[in-house]
Structure formats: C-alpha cells, structure tokens
>>> print(open('query.cif').read())   # mmCIF, C-alpha atoms
data_start
loop_
_atom_site.label_atom_id
_atom_site.label_comp_id
_atom_site.auth_asym_id
_atom_site.auth_seq_id
_atom_site.Cartn_x
_atom_site.Cartn_y
_atom_site.Cartn_z
CA MET A 27 20.71 44.43 93.52
CA LEU A 28 18.87 41.44 92.13
CA PRO A 29 18.09 41.75 88.44
CA LEU A 30 14.61 40.36 89.16
CA GLU A 31 13.71 43.60 90.90
CA ILE A 32 14.11 45.58 87.70
CA PRO A 33 10.96 45.57 85.55
CA GLU A 34 11.41 43.85 82.22
CA VAL A 35 10.16 46.94 80.34
CA VAL A 36 13.13 48.83 81.78
CA ILE A 37 15.58 46.20 80.55
CA ASP A 38 13.85 46.27 77.16
CA ARG A 39 14.47 50.02 76.87
CA LEU A 40 18.20 49.87 77.68
CA PRO A 41 19.26 48.59 74.23
CA ILE A 42 17.22 51.40 72.67
CA TYR A 43 19.10 53.95 74.77
CA ALA A 44 22.38 52.26 73.86
CA ARG A 45 21.57 52.44 70.16
CA ALA A 46 20.78 56.16 70.34
CA LEU A 47 23.97 56.80 72.32
CA ALA A 48 26.05 54.83 69.81
CA LEU A 49 24.65 57.05 67.06
CA LEU A 50 25.45 60.21 69.07
CA GLU A 51 28.97 58.93 69.73
CA LYS A 52 29.45 58.32 66.02
CA GLN A 53 28.36 61.92 65.41
CA GLY A 54 31.08 63.08 67.78
CA ARG A 55 28.77 64.18 70.58
CA GLU A 56 30.25 64.13 74.07
CA VAL A 57 27.27 65.02 76.23
CA VAL A 58 23.51 64.53 75.95
CA ASN A 59 20.74 65.31 78.41
CA SER A 60 17.66 63.23 79.09
CA GLN A 61 15.52 65.87 77.35
CA GLU A 62 17.24 65.42 74.00
CA LEU A 63 17.59 61.67 74.36
CA GLY A 64 13.89 61.50 75.18
CA GLU A 65 12.92 63.52 72.13
CA ARG A 66 14.96 61.27 69.89
CA LEU A 67 13.29 58.16 71.27
CA SER A 68 9.77 59.41 72.06
CA VAL A 69 10.32 58.61 75.75
CA THR A 70 9.87 61.19 78.51
CA PRO A 71 13.08 62.50 80.10
CA ALA A 72 11.70 61.42 83.48
CA GLN A 73 11.35 57.87 82.21
CA ILE A 74 14.96 57.79 81.04
CA ARG A 75 16.23 59.14 84.37
CA LYS A 76 14.10 56.65 86.29
CA ASP A 77 15.20 53.71 84.14
CA LEU A 78 18.86 54.56 84.56
CA SER A 79 18.48 55.14 88.29
CA TYR A 80 18.03 51.37 88.76
CA PHE A 81 21.68 50.96 87.89
CA GLY A 82 23.25 53.78 89.86
CA ARG A 83 24.07 57.40 89.24
CA PHE A 84 24.82 58.53 85.73
CA GLY A 85 25.37 62.13 84.73
CA LYS A 86 25.22 65.22 86.89
CA GLN A 87 22.08 67.25 87.55
CA GLY A 88 21.76 69.81 84.77
CA ARG A 89 24.90 68.67 82.98
CA GLY A 90 23.60 65.67 81.07
CA TYR A 91 25.25 62.34 80.41
CA ASN A 92 28.69 61.65 79.08
CA VAL A 93 27.74 59.82 75.88
CA SER A 94 30.66 57.38 75.71
CA ARG A 95 30.66 56.60 79.40
CA LEU A 96 26.92 55.92 79.56
CA LEU A 97 27.11 53.80 76.41
CA GLN A 98 29.92 51.77 77.92
CA GLU A 99 27.99 51.34 81.18
CA LEU A 100 24.90 50.17 79.30
CA HIS A 101 26.96 47.67 77.32
CA GLN A 102 28.40 46.41 80.60
CA ILE A 103 24.95 46.12 82.19
CA LEU A 104 23.48 44.32 79.18
CA GLY A 105 26.44 41.98 78.77
CA LEU A 106 27.33 43.38 75.38
CA THR A 107 31.06 43.72 75.90
CA ARG A 108 31.59 40.15 74.65
CA GLU A 109 30.58 38.15 71.58
CA TRP A 110 27.51 35.90 71.79
CA PRO A 111 27.47 32.78 69.66
CA MET A 112 24.00 31.69 68.52
CA VAL A 113 22.54 28.61 66.93
CA LEU A 114 19.86 28.89 64.25
CA VAL A 115 17.20 26.19 63.97
CA GLY A 116 15.22 26.26 60.74
CA VAL A 117 16.90 27.09 57.44
CA GLY A 118 13.85 27.63 55.25
CA GLN A 119 13.14 30.96 53.53
CA LEU A 120 12.82 32.79 56.85
CA GLY A 121 15.91 31.13 58.34
CA ARG A 122 17.97 32.11 55.32
CA ALA A 123 16.75 35.71 55.55
CA ILE A 124 17.73 35.73 59.23
CA ALA A 125 21.16 34.29 58.45
CA ALA A 126 21.61 36.95 55.75
CA TYR A 127 20.66 39.75 58.16
CA ASP A 128 23.72 41.95 58.49
CA GLY A 129 22.72 43.54 61.78
CA PHE A 130 23.82 40.71 64.08
CA VAL A 131 27.60 40.55 63.67
CA PRO A 132 28.34 44.28 64.22
CA GLN A 133 26.47 43.97 67.53
CA GLY A 134 28.38 40.89 68.63
CA PHE A 135 25.85 38.19 67.73
CA ARG A 136 27.13 35.44 65.46
CA ILE A 137 25.35 32.36 64.15
CA VAL A 138 27.82 29.52 64.74
CA GLU A 139 25.63 26.52 63.88
CA ALA A 140 22.53 26.02 61.74
CA PHE A 141 20.09 23.10 61.89
CA ASP A 142 17.19 21.84 59.84
CA ALA A 143 15.07 18.70 59.66
CA ASP A 144 14.71 18.66 55.87
CA PRO A 145 17.12 16.18 54.19
CA LYS A 146 17.18 18.52 51.17
CA ILE A 147 18.54 21.34 53.34
CA ILE A 148 20.85 19.33 55.64
CA GLY A 149 24.41 19.51 54.36
CA ALA A 150 23.80 22.74 52.41
CA LYS A 151 26.04 25.72 53.08
CA LEU A 152 24.72 28.79 54.84
CA ASN A 153 27.18 31.68 55.23
CA GLY A 154 29.97 29.13 55.20
CA LEU A 155 28.24 26.89 57.79
CA GLU A 156 27.14 23.39 56.92
CA VAL A 157 23.52 22.91 57.92
CA LYS A 158 23.30 20.02 60.41
CA PRO A 159 20.39 17.70 61.16
CA VAL A 160 18.25 18.96 64.01
CA ASP A 161 18.71 15.59 65.77
CA ALA A 162 22.37 16.47 66.20
CA LEU A 163 21.49 19.60 68.14
CA PRO A 164 21.93 18.24 71.70
CA GLU A 165 25.34 16.81 70.90
CA VAL A 166 26.54 19.90 69.05
CA LEU A 167 25.35 22.17 71.86
CA ARG A 168 27.21 20.05 74.39
CA ARG A 169 30.40 21.02 72.61
CA HIS A 170 29.50 24.61 71.68
CA ARG A 171 27.76 25.93 74.81
CA ALA A 172 25.90 28.58 72.85
CA ALA A 173 23.53 30.33 75.25
CA LEU A 174 21.40 31.89 72.52
CA ALA A 175 19.24 30.30 69.85
CA ILE A 176 17.05 31.54 67.02
CA VAL A 177 14.00 29.44 66.16
CA ALA A 178 12.68 29.80 62.59
CA VAL A 179 10.86 26.50 62.17
CA PRO A 180 7.17 25.93 61.28
CA ALA A 181 4.70 26.51 64.10
CA ALA A 182 3.79 22.82 64.33
CA VAL A 183 7.26 21.76 65.50
CA ALA A 184 8.37 24.95 67.26
CA GLN A 185 7.58 23.92 70.85
CA GLU A 186 9.40 20.62 70.33
CA VAL A 187 12.47 22.45 69.04
CA ILE A 188 12.29 24.94 71.91
CA ASP A 189 12.12 22.08 74.45
CA MET A 190 15.15 20.51 72.83
CA LEU A 191 17.07 23.79 73.02
CA VAL A 192 16.15 24.28 76.68
CA GLU A 193 17.24 20.72 77.53
CA SER A 194 20.50 21.38 75.72
CA GLY A 195 21.29 24.33 77.94
CA VAL A 196 20.19 27.28 75.83
CA ARG A 197 19.34 30.25 78.06
CA ALA A 198 17.64 32.68 75.69
CA ILE A 199 15.58 32.11 72.57
CA LEU A 200 14.52 34.44 69.80
CA ASN A 201 11.39 32.78 68.43
CA TYR A 202 10.01 33.55 64.97
CA ALA A 203 7.37 30.78 64.98
CA PRO A 204 3.81 32.07 65.44
CA ILE A 205 3.11 30.17 68.67
CA ALA A 206 2.87 31.07 72.35
CA PRO A 207 5.83 28.99 73.52
CA HIS A 208 6.43 27.65 77.02
CA VAL A 209 9.84 27.79 78.62
CA PRO A 210 10.96 27.22 82.23
CA PRO A 211 11.51 30.36 84.36
CA HIS A 212 15.31 30.30 83.98
CA VAL A 213 15.04 30.64 80.18
CA ARG A 214 14.25 33.93 78.42
CA ILE A 215 12.26 33.99 75.25
CA LYS A 216 11.27 36.81 72.91
CA ASP A 217 8.83 36.33 70.11
CA ILE A 218 9.32 38.11 66.82
CA ASP A 219 5.70 38.31 65.81
CA PRO A 220 4.72 40.68 63.01
CA VAL A 221 1.02 39.90 63.41
CA LEU A 222 0.93 40.96 67.07
CA ALA A 223 2.66 44.20 66.08
CA LEU A 224 0.13 44.83 63.31
CA GLN A 225 -2.81 43.98 65.56
CA SER A 226 -1.90 46.59 68.12
CA MET A 227 -1.47 49.27 65.43
CA THR A 228 -4.88 48.67 63.87
CA PHE A 229 -6.37 49.76 67.19
CA TYR A 230 -5.10 53.28 66.60
CA ILE A 231 -6.22 53.47 62.98
CA LYS A 232 -9.64 52.18 63.89
CA SER A 233 -9.93 54.57 66.86
CA ALA A 234 -8.96 57.56 64.71
CA ALA A 235 -11.55 56.51 62.12
CA ASP A 236 -14.20 56.10 64.85
CA ALA A 237 -13.37 59.52 66.27
CA ALA A 238 -13.74 61.11 62.82
CA LYS A 239 -17.22 59.64 62.31
CA MET B 20 -12.96 57.48 76.15
CA LEU B 21 -10.07 58.74 74.10
CA PRO B 22 -7.71 55.97 72.96
CA LEU B 23 -4.80 58.22 73.87
CA GLU B 24 -5.63 57.76 77.54
CA ILE B 25 -4.93 54.04 77.33
CA PRO B 26 -1.24 53.20 77.78
CA GLU B 27 0.36 51.70 74.71
CA VAL B 28 1.60 48.69 76.71
CA VAL B 29 -2.04 47.86 77.42
CA ILE B 30 -2.93 47.99 73.72
CA ASP B 31 0.12 45.85 72.98
CA ARG B 32 -1.14 43.14 75.33
CA LEU B 33 -4.65 42.91 73.85
CA PRO B 34 -3.60 40.91 70.76
CA ILE B 35 -1.78 38.49 73.07
CA TYR B 36 -4.96 37.99 75.08
CA ALA B 37 -6.93 37.58 71.85
CA ARG B 38 -4.53 34.92 70.61
CA ALA B 39 -4.80 32.92 73.83
CA LEU B 40 -8.60 33.21 73.75
CA ALA B 41 -8.73 32.06 70.11
CA LEU B 42 -6.75 28.98 71.11
CA LEU B 43 -9.09 28.29 74.03
CA GLU B 44 -12.09 28.72 71.74
CA LYS B 45 -10.60 26.23 69.31
CA GLN B 46 -10.19 23.81 72.21
CA GLY B 47 -13.91 24.16 72.92
CA ARG B 48 -13.52 26.12 76.15
CA GLU B 49 -16.44 28.38 77.06
CA VAL B 50 -15.16 30.14 80.15
CA VAL B 51 -11.73 31.17 81.41
CA ASN B 52 -10.74 33.17 84.47
CA SER B 53 -7.96 35.73 84.70
CA GLN B 54 -5.93 33.32 86.84
CA GLU B 55 -5.67 30.70 84.11
CA LEU B 56 -5.29 33.23 81.31
CA GLY B 57 -2.50 34.84 83.32
CA GLU B 58 -0.70 31.55 83.84
CA ARG B 59 -0.83 30.80 80.13
CA LEU B 60 0.65 34.18 79.28
CA SER B 61 2.97 34.84 82.23
CA VAL B 62 0.94 37.93 83.13
CA THR B 63 -0.59 38.47 86.57
CA PRO B 64 -4.38 38.05 86.78
CA ALA B 65 -4.58 41.57 88.24
CA GLN B 66 -2.86 42.93 85.15
CA ILE B 67 -5.33 41.24 82.85
CA ARG B 68 -8.31 42.55 84.83
CA LYS B 69 -6.83 46.05 84.89
CA ASP B 70 -6.06 46.03 81.17
CA LEU B 71 -9.57 44.91 80.26
CA SER B 72 -11.16 47.41 82.65
CA TYR B 73 -10.10 50.22 80.29
CA PHE B 74 -12.69 48.94 77.86
CA GLY B 75 -15.62 48.27 80.15
CA ARG B 76 -16.85 45.34 82.18
CA PHE B 77 -16.08 41.85 80.98
CA GLY B 78 -16.92 38.71 82.94
CA LYS B 79 -18.49 38.43 86.35
CA GLN B 80 -16.60 38.41 89.63
CA GLY B 81 -15.64 34.80 90.37
CA ARG B 82 -17.18 33.44 87.19
CA GLY B 83 -14.50 34.21 84.66
CA TYR B 84 -14.82 35.42 81.11
CA ASN B 85 -16.96 34.00 78.34
CA VAL B 86 -14.19 33.03 75.90
CA SER B 87 -16.02 33.72 72.63
CA ARG B 88 -17.60 36.94 73.79
CA LEU B 89 -14.34 38.39 75.14
CA LEU B 90 -12.51 37.35 71.97
CA GLN B 91 -15.15 39.05 69.85
CA GLU B 92 -14.96 42.20 71.99
CA LEU B 93 -11.18 42.31 71.67
CA HIS B 94 -11.39 41.91 67.91
CA GLN B 95 -13.89 44.76 67.84
CA ILE B 96 -11.65 46.97 70.01
CA LEU B 97 -8.56 46.23 67.94
CA GLY B 98 -10.33 46.68 64.60
CA LEU B 99 -9.77 43.05 63.61
CA THR B 100 -13.27 42.32 62.34
CA ARG B 101 -12.30 43.50 58.86
CA GLU B 102 -9.50 42.74 56.41
CA TRP B 103 -6.47 45.04 56.28
CA PRO B 104 -4.69 45.43 52.97
CA MET B 105 -0.95 46.12 53.25
CA VAL B 106 1.78 47.22 50.90
CA LEU B 107 5.25 45.72 51.10
CA VAL B 108 8.27 47.85 50.24
CA GLY B 109 11.47 45.88 49.67
CA VAL B 110 11.42 42.52 47.93
CA GLY B 111 14.93 41.29 48.74
CA GLN B 112 15.56 38.11 50.73
CA LEU B 113 13.82 39.49 53.81
CA GLY B 114 10.89 40.90 51.84
CA ARG B 115 10.36 37.55 50.14
CA ALA B 116 10.43 35.75 53.48
CA ILE B 117 7.84 38.23 54.81
CA ALA B 118 5.65 37.71 51.74
CA ALA B 119 5.91 33.95 52.22
CA TYR B 120 4.92 34.20 55.89
CA ASP B 121 1.65 32.32 56.24
CA GLY B 122 0.56 33.99 59.46
CA PHE B 123 -0.80 37.22 57.92
CA VAL B 124 -3.78 36.09 55.84
CA PRO B 125 -5.53 33.98 58.51
CA GLN B 126 -5.44 37.08 60.73
CA GLY B 127 -6.89 39.36 58.06
CA PHE B 128 -3.68 41.01 56.83
CA ARG B 129 -3.02 40.75 53.12
CA ILE B 130 -0.17 42.13 51.05
CA VAL B 131 -1.87 43.75 48.05
CA GLU B 132 1.09 45.53 46.45
CA ALA B 133 4.85 45.01 46.51
CA PHE B 134 7.54 47.53 45.57
CA ASP B 135 11.27 47.51 45.03
CA ALA B 136 13.89 49.86 43.62
CA ASP B 137 16.00 47.17 41.96
CA PRO B 138 15.35 46.89 38.18
CA LYS B 139 16.20 43.18 38.47
CA ILE B 140 13.33 42.69 40.94
CA ILE B 141 10.74 45.09 39.45
CA GLY B 142 8.30 43.17 37.28
CA ALA B 143 8.98 39.85 39.05
CA LYS B 144 6.08 37.93 40.50
CA LEU B 145 5.63 37.63 44.27
CA ASN B 146 2.69 35.50 45.41
CA GLY B 147 0.91 36.43 42.20
CA LEU B 148 1.70 40.15 42.60
CA GLU B 149 3.87 41.97 40.10
CA VAL B 150 6.57 43.89 41.93
CA LYS B 151 6.24 47.59 41.07
CA PRO B 152 8.91 50.31 41.07
CA VAL B 153 9.07 52.16 44.38
CA ASP B 154 8.63 55.45 42.49
CA ALA B 155 5.11 54.32 41.62
CA LEU B 156 4.22 54.02 45.30
CA PRO B 157 2.46 57.41 45.76
CA GLU B 158 0.29 56.88 42.70
CA VAL B 159 -0.60 53.27 43.56
CA LEU B 160 -1.45 54.24 47.14
CA ARG B 161 -3.74 56.99 45.88
CA ARG B 162 -5.82 54.28 44.26
CA HIS B 163 -5.46 51.58 46.92
CA ARG B 164 -5.78 53.48 50.19
CA ALA B 165 -3.87 50.81 52.11
CA ALA B 166 -3.43 52.07 55.65
CA LEU B 167 -0.68 49.57 56.53
CA ALA B 168 2.79 49.13 55.10
CA ILE B 169 5.70 46.79 55.72
CA VAL B 170 9.19 48.20 55.20
CA ALA B 171 11.91 45.65 54.38
CA VAL B 172 14.44 47.85 52.61
CA PRO B 173 18.11 48.43 53.49
CA ALA B 174 18.75 50.76 56.44
CA ALA B 175 20.27 53.45 54.23
CA VAL B 176 17.02 54.14 52.36
CA ALA B 177 14.49 53.18 55.03
CA GLN B 178 13.72 56.68 56.35
CA GLU B 179 13.18 57.93 52.79
CA VAL B 180 10.75 55.08 52.09
CA ILE B 181 8.96 55.69 55.39
CA ASP B 182 8.58 59.40 54.55
CA MET B 183 7.14 58.45 51.17
CA LEU B 184 4.65 56.07 52.80
CA VAL B 185 3.59 58.72 55.33
CA GLU B 186 3.08 61.29 52.58
CA SER B 187 1.03 58.75 50.66
CA GLY B 188 -1.39 58.38 53.55
CA VAL B 189 -0.15 55.22 55.25
CA ARG B 190 -1.19 55.23 58.92
CA ALA B 191 0.81 52.34 60.39
CA ILE B 192 4.18 50.89 59.46
CA LEU B 193 5.85 47.64 60.39
CA ASN B 194 9.53 48.41 59.99
CA TYR B 195 12.18 45.70 59.58
CA ALA B 196 15.05 48.08 58.76
CA PRO B 197 17.56 48.47 61.62
CA ILE B 198 17.06 52.22 62.07
CA ALA B 199 15.30 54.45 64.60
CA PRO B 200 12.73 55.91 62.23
CA HIS B 201 10.87 59.20 62.61
CA VAL B 202 7.18 59.48 61.85
CA PRO B 203 4.66 62.23 62.62
CA PRO B 204 2.42 61.71 65.68
CA HIS B 205 -0.60 60.55 63.67
CA VAL B 206 1.36 57.60 62.23
CA ARG B 207 2.08 54.42 64.22
CA ILE B 208 5.28 52.51 63.70
CA LYS B 209 6.54 49.23 65.16
CA ASP B 210 10.07 48.04 64.63
CA ILE B 211 10.81 44.37 64.16
CA ASP B 212 14.31 44.35 65.54
CA PRO B 213 15.89 41.03 66.43
CA VAL B 214 19.04 42.69 67.80
CA LEU B 215 17.13 44.76 70.38
CA ALA B 216 15.33 41.59 71.48
CA LEU B 217 18.64 39.74 71.84
CA GLN B 218 20.29 42.63 73.67
CA SER B 219 17.67 42.67 76.39
CA MET B 220 17.93 38.90 76.88
CA THR B 221 21.69 38.91 77.32
CA PHE B 222 21.13 41.05 80.41
CA TYR B 223 19.48 38.11 82.15
CA ILE B 224 22.08 35.55 81.10
CA LYS B 225 24.86 37.84 82.22
CA SER B 226 23.14 38.61 85.52
CA ALA B 227 22.61 34.92 86.27
CA ALA B 228 26.29 34.27 85.49
CA ASP B 229 27.34 37.18 87.74
CA ALA B 230 25.13 35.89 90.56
CA ALA B 231 26.67 32.42 90.26
CA LYS B 232 30.22 33.78 90.62
#
>>> encode(input="query.cif", output="structure tokens")
Amino acid sequence: MLPLEIPEVVIDRLPIYARALALLEKQGREVVNSQELGERLSVTPAQIRKDLSYFGRFGKQGRGYNVSRLLQELHQILGLTREWPMVLVGVGQLGRAIAAYDGFVPQGFRIVEAFDADPKIIGAKLNGLEVKPVDALPEVLRRHRAALAIVAVPAAVAQEVIDMLVESGVRAILNYAPIAPHVPPHVRIKDIDPVLALQSMTFYIKSAADAAK
Amino acid sequence: MLPLEIPEVVIDRLPIYARALALLEKQGREVVNSQELGERLSVTPAQIRKDLSYFGRFGKQGRGYNVSRLLQELHQILGLTREWPMVLVGVGQLGRAIAAYDGFVPQGFRIVEAFDADPKIIGAKLNGLEVKPVDALPEVLRRHRAALAIVAVPAAVAQEVIDMLVESGVRAILNYAPIAPHVPPHVRIKDIDPVLALQSMTFYIKSAADAAK
C-alpha cells in the first residue's frame, strides 16, 4: 500500500496512540480495547479501529489489542525502531530551550549538530556540541546525512534556512519560525506555532460567551 | 448554529486561512480565489470552500473572496477582534523562551502574569512582570479573569497545574509539558509537542526509504 493513500490526519494520530500504549505497557497492562483507548485520548473507538485498519489487522473482535504488540507495530510503521539524528539551526533563547528539552532523546531523537549565524554564538557549547556557522551547514550535512532538522531562527531568515536544509538533503523539518514556509513535495514540514493553537481555542471561548448572552 | 457542530479540524484551519489573508492584504491584494489560497496553503480549493461554508456565504462564484472582508469575518468568528490576556505557569528555560516570543503581542495575546514554584525564580522580573508563586495563582486569577493559560512546567507537575488553572476559571490551555493532560469538556487544551510532530514525519521518510528498496 502506498503511504500517500493514508490521510495525513491518520498518520498524525498514530504517535498519540503509541504514547498511550507506552504508558499502558509501563503500567503492566497486557490488553486494551478501542473503547478504553478512545476514552483516554478523546477519540471515538470507531476512529481508532478505522485508523489502524489502514495498516492491517490488529486485535481480535471483542478481545482488544495486545498492548506491547500494537505498540511495537506502531513503532515499526512510524519508523521509530531506530535513532534519528537531527540538526538544530538557531541557537538563540528558543533554540537553547529546544536543545534543553529532555523529551527528544528518550524517543530516539538526538540533536547532533547546532548552527547559528551570530558570531557571538558560533563556537559556544550547547549540550557538549560546538555551535557551527550556518554557512557550514551544507558541508556538515554532506558528512552527517541527518534527515531531520529543527528550525528556530527569526522569521526573516527562516525560508532561506529551510531552502538550505532542503538543498542539503534534509527530508523533514520541525519549524518554530512564525512563517508559512514552502518546501518541495518530497520534504515534510511541521510548524510549531503557538499562536495558531491559541487562535483556534479562542473560537470556543468566544462561542461559549456568545451562547451565554 | 452551534459551534459544536463544526469539526475541530475546520476550526483549526481558520487561523491558517486568516494568516494567509493577512499576508495578501499586506501585499495590497484585494481579491483571492480558493484556487490560489489553496495552492499557498497546500489545501484543496474544495476544502477551503467547504470549511468557509460552515459560517455562511463568502465570495461570489467565480469572483473569489474579498481579502479584507474575509479576513475581518474570520477574525470575528475566531474572536480575534479583542485582546486576550494570558497567564504563564513555569518560568524555566522554556517559559522564558515563550515569554520572549515576539509573535504573541501582534496577534493580540499578552502574558499578563507569570508563575513559578521555584523560590529562586519567584520575584524575578520577566518582561517587566514579577514572577509570582504558583500558590498565588487562584487568587490572582480571581482578580484577573484571564481565560487563557500557557503551561511550561515539568511533566511531573503539569496535570496538577492544569487542574489548578481549570479550577481558577481558565477556559483554554496551551500545554508544553510532554503529558496527555485531562481537562473537563468545557475547557480547551492544545499540546505543543515537538516529539509527536517528529514522530509523524518519520513515517514518511521511512516509507520513502522502504519504497526505494
């Protein structure tokens, strides 16, 4: 089956299922049904069953899913059975907070190179890495072959940095700059955008206030 | 029409449309059709038309949308014609990076109070705000009535902080802690989770590599 046939929203939900299953596994649970999984994640059981059905048959009707087996399958599907080296571009306040984030390494994501354009930052140490000049990025990536990059540069230079990463062979970008970036179809990009998240929540507060009028 | 009838994915796309329209307006554009808007955002024109149709009739068949008018309507729908005060809980490295983020204020989101549990941080200044003890949160929120909160505390205490915010009347939470938080149905929550974003992108890299085998 071609991955392109699977809606992106389905792929986006798989890591959420995997996280819930990892928690259940840690709690010693062997089996879970879509009902309980759905309640934990505010997703309907039907949605979970439909999402998983894209990837084959998991679990038996009325018997639920084997927690460890489904978790392992999801890791396999998502490519999470290996470590993913990442490069970080932008070592300002945000970049340093990202580098300090302790959620990446346990999940197999490791920042292996860091870049900045500021001469005051270049050469500094970040988690044991020496920050390199952003101009050196193409050459460093030729040696490293990191497929993932994190962009934490100012908005004004973000597209330029993204273009450079794409030309250097990066395949997926986590973008923190508040822009609507362009990438070619073979490159994935996800924007971490707190404002967009806030702007969709205000809708609900406003609507509740309107309804109460 | 009840807001609950509108799928959340539709609401989530409206701020993205608004951002693209604001850019077009800045460029002096008066009219845009769903085709061009779709190309800019990698959304199908049919999707855009369907999403907007939940909120009434915008634009004329074959003539496109009036950029300024549609932008204004979207701001109205999303509740973005006013300023939204926010409280920030957690003033560690991540919290400071969030407070330094210059994308909030231009969009009408302003951090008006900051809290931490660390005696070394309490009393410090953050963008002109004095960081208050997290214990003072319920009392401060009784006076402030901020409907929005940002949570940037360690995972271990995040649910506790979220419960405190909910009890203090907060209606929407932007959560940076790597947990799967629980909130009652009347409270909105969005998780900023870089790992989940990465984990869904690795799927595509892996699939492309598998296909090339």
>>> interface_residues(input="query.cif", of="chain A", to="chain B", cutoff="6 Å", atoms="all atoms listed in the file", output="list in words")
Ile37, Asp38, Pro41, Leu104, Gly105, Gln119, Leu120, Ala123, Leu222, Ser226, Thr228, Phe229 and Lys232 of chain A
>>> residues_around(input="query.cif", residues="B:Leu56", least_positions_apart="5", cutoff="9 Å", atoms="all atoms listed in the file", output="ChimeraX atom specification")
/B:36,39-40,51,61-64,67
>>> atom_distance(input="query.cif", atom1="atom CA of A:Gly54", atom2="atom CA of B:Pro204")
28.8 Å
>>> residues_around(input="query.cif", residues="A:Leu152", least_positions_apart="2", cutoff="9 Å", atoms="only C-alpha atoms", output="list of chain:residue names")
A:Val117, A:Arg122, A:Ala125, A:Ala126, A:Ala140, A:Ala150, A:Gly154, A:Leu155, A:Glu156, A:Val157
>>> atom_distance(input="query.cif", atom1="atom CA of B:Glu132", atom2="atom CA of B:Val185")
16.1 Å
>>> residues_around(input="query.cif", residues="stretch 93-98 of chain A", least_positions_apart="5", cutoff="8 Å", atoms="only C-alpha atoms", output="count of residues only")
10
>>> atom_distance(input="query.cif", atom1="atom CA of B:Arg76", atom2="atom CA of B:Glu55")
18.5 Å
>>> resolve_selection(input="query.cif", expression="the PyMOL selection byres ((chain A and resi 159-170) around 7)", output="list of chain:residue names")
A:Phe141, A:Asp142, A:Ala143, A:Ile148, A:Val157, A:Lys158, A:Arg171, A:Ala172, A:Ser194
>>> write_last_selection(input="query.cif", atoms="C-alpha atoms", output="mmCIF file, keeping the file's coordinate frame")
data_model
loop_
_atom_site.group_PDB
_atom_site.id
_atom_site.type_symbol
_atom_site.label_atom_id
_atom_site.label_comp_id
_atom_site.auth_asym_id
_atom_site.auth_seq_id
_atom_site.Cartn_x
_atom_site.Cartn_y
_atom_site.Cartn_z
ATOM 1 C CA PHE A 141 20.090 23.100 61.890
ATOM 2 C CA ASP A 142 17.190 21.840 59.840
ATOM 3 C CA ALA A 143 15.070 18.700 59.660
ATOM 4 C CA ILE A 148 20.850 19.330 55.640
ATOM 5 C CA VAL A 157 23.520 22.910 57.920
ATOM 6 C CA LYS A 158 23.300 20.020 60.410
ATOM 7 C CA ARG A 171 27.760 25.930 74.810
ATOM 8 C CA ALA A 172 25.900 28.580 72.850
ATOM 9 C CA SER A 194 20.500 21.380 75.720
#
>>> closest_residue(input="query.cif", among="B:Pro203, B:Pro138, B:Gly188, B:Gly75", to="B:Val106", atoms="all atoms listed in the file")
B:Gly188
>>> decode(input="query.cif", residues="stretch 37-42 of chain A", atoms="all heavy atoms", output="mmCIF file, in the first residue's frame")
data_model
loop_
_atom_site.group_PDB
_atom_site.id
_atom_site.type_symbol
_atom_site.label_atom_id
_atom_site.label_comp_id
_atom_site.auth_asym_id
_atom_site.auth_seq_id
_atom_site.Cartn_x
_atom_site.Cartn_y
_atom_site.Cartn_z
ATOM 1 N N ILE A 37 -1.968 9.484 10.075
ATOM 2 C CA ILE A 37 -0.553 9.369 10.471
ATOM 3 C C ILE A 37 -0.280 10.218 11.716
ATOM 4 O O ILE A 37 0.439 9.805 12.619
ATOM 5 C CB ILE A 37 0.379 9.830 9.316
ATOM 6 C CG1 ILE A 37 0.084 9.041 8.020
ATOM 7 C CG2 ILE A 37 1.843 9.694 9.712
ATOM 8 C CD1 ILE A 37 0.262 7.569 8.136
ATOM 9 N N ASP A 38 -0.884 11.390 11.768
ATOM 10 C CA ASP A 38 -0.678 12.284 12.920
ATOM 11 C C ASP A 38 -1.210 11.687 14.218
ATOM 12 O O ASP A 38 -0.738 12.036 15.301
ATOM 13 C CB ASP A 38 -1.354 13.639 12.680
ATOM 14 C CG ASP A 38 -0.589 14.501 11.681
ATOM 15 O OD1 ASP A 38 0.573 14.161 11.372
ATOM 16 O OD2 ASP A 38 -1.156 15.501 11.217
ATOM 17 N N ARG A 39 -2.215 10.812 14.108
ATOM 18 C CA ARG A 39 -2.778 10.225 15.333
ATOM 19 C C ARG A 39 -1.968 9.025 15.828
ATOM 20 O O ARG A 39 -2.022 8.683 17.015
ATOM 21 C CB ARG A 39 -4.240 9.813 15.104
ATOM 22 C CG ARG A 39 -5.220 10.976 15.237
ATOM 23 C CD ARG A 39 -6.664 10.489 15.289
ATOM 24 N NE ARG A 39 -7.117 9.966 14.011
ATOM 25 C CZ ARG A 39 -7.807 10.668 13.101
ATOM 26 N NH1 ARG A 39 -8.129 11.917 13.341
ATOM 27 N NH2 ARG A 39 -8.177 10.128 11.957
ATOM 28 N N LEU A 40 -1.210 8.372 14.929
ATOM 29 C CA LEU A 40 -0.500 7.159 15.342
ATOM 30 C C LEU A 40 0.472 7.400 16.513
ATOM 31 O O LEU A 40 0.507 6.595 17.446
ATOM 32 C CB LEU A 40 0.241 6.531 14.148
ATOM 33 C CG LEU A 40 -0.616 6.076 12.960
ATOM 34 C CD1 LEU A 40 0.262 5.355 11.937
ATOM 35 C CD2 LEU A 40 -1.764 5.164 13.386
ATOM 36 N N PRO A 41 1.252 8.483 16.491
ATOM 37 C CA PRO A 41 2.145 8.700 17.645
ATOM 38 C C PRO A 41 1.375 8.901 18.948
ATOM 39 O O PRO A 41 1.883 8.558 20.020
ATOM 40 C CB PRO A 41 2.905 9.987 17.271
ATOM 41 C CG PRO A 41 2.800 10.102 15.792
ATOM 42 C CD PRO A 41 1.468 9.498 15.430
ATOM 43 N N ILE A 42 0.170 9.452 18.849
ATOM 44 C CA ILE A 42 -0.648 9.659 20.050
ATOM 45 C C ILE A 42 -1.099 8.301 20.598
ATOM 46 O O ILE A 42 -1.069 8.056 21.802
ATOM 47 C CB ILE A 42 -1.849 10.569 19.718
ATOM 48 C CG1 ILE A 42 -1.327 11.928 19.229
ATOM 49 C CG2 ILE A 42 -2.778 10.736 20.919
ATOM 50 C CD1 ILE A 42 -2.390 12.841 18.634
#
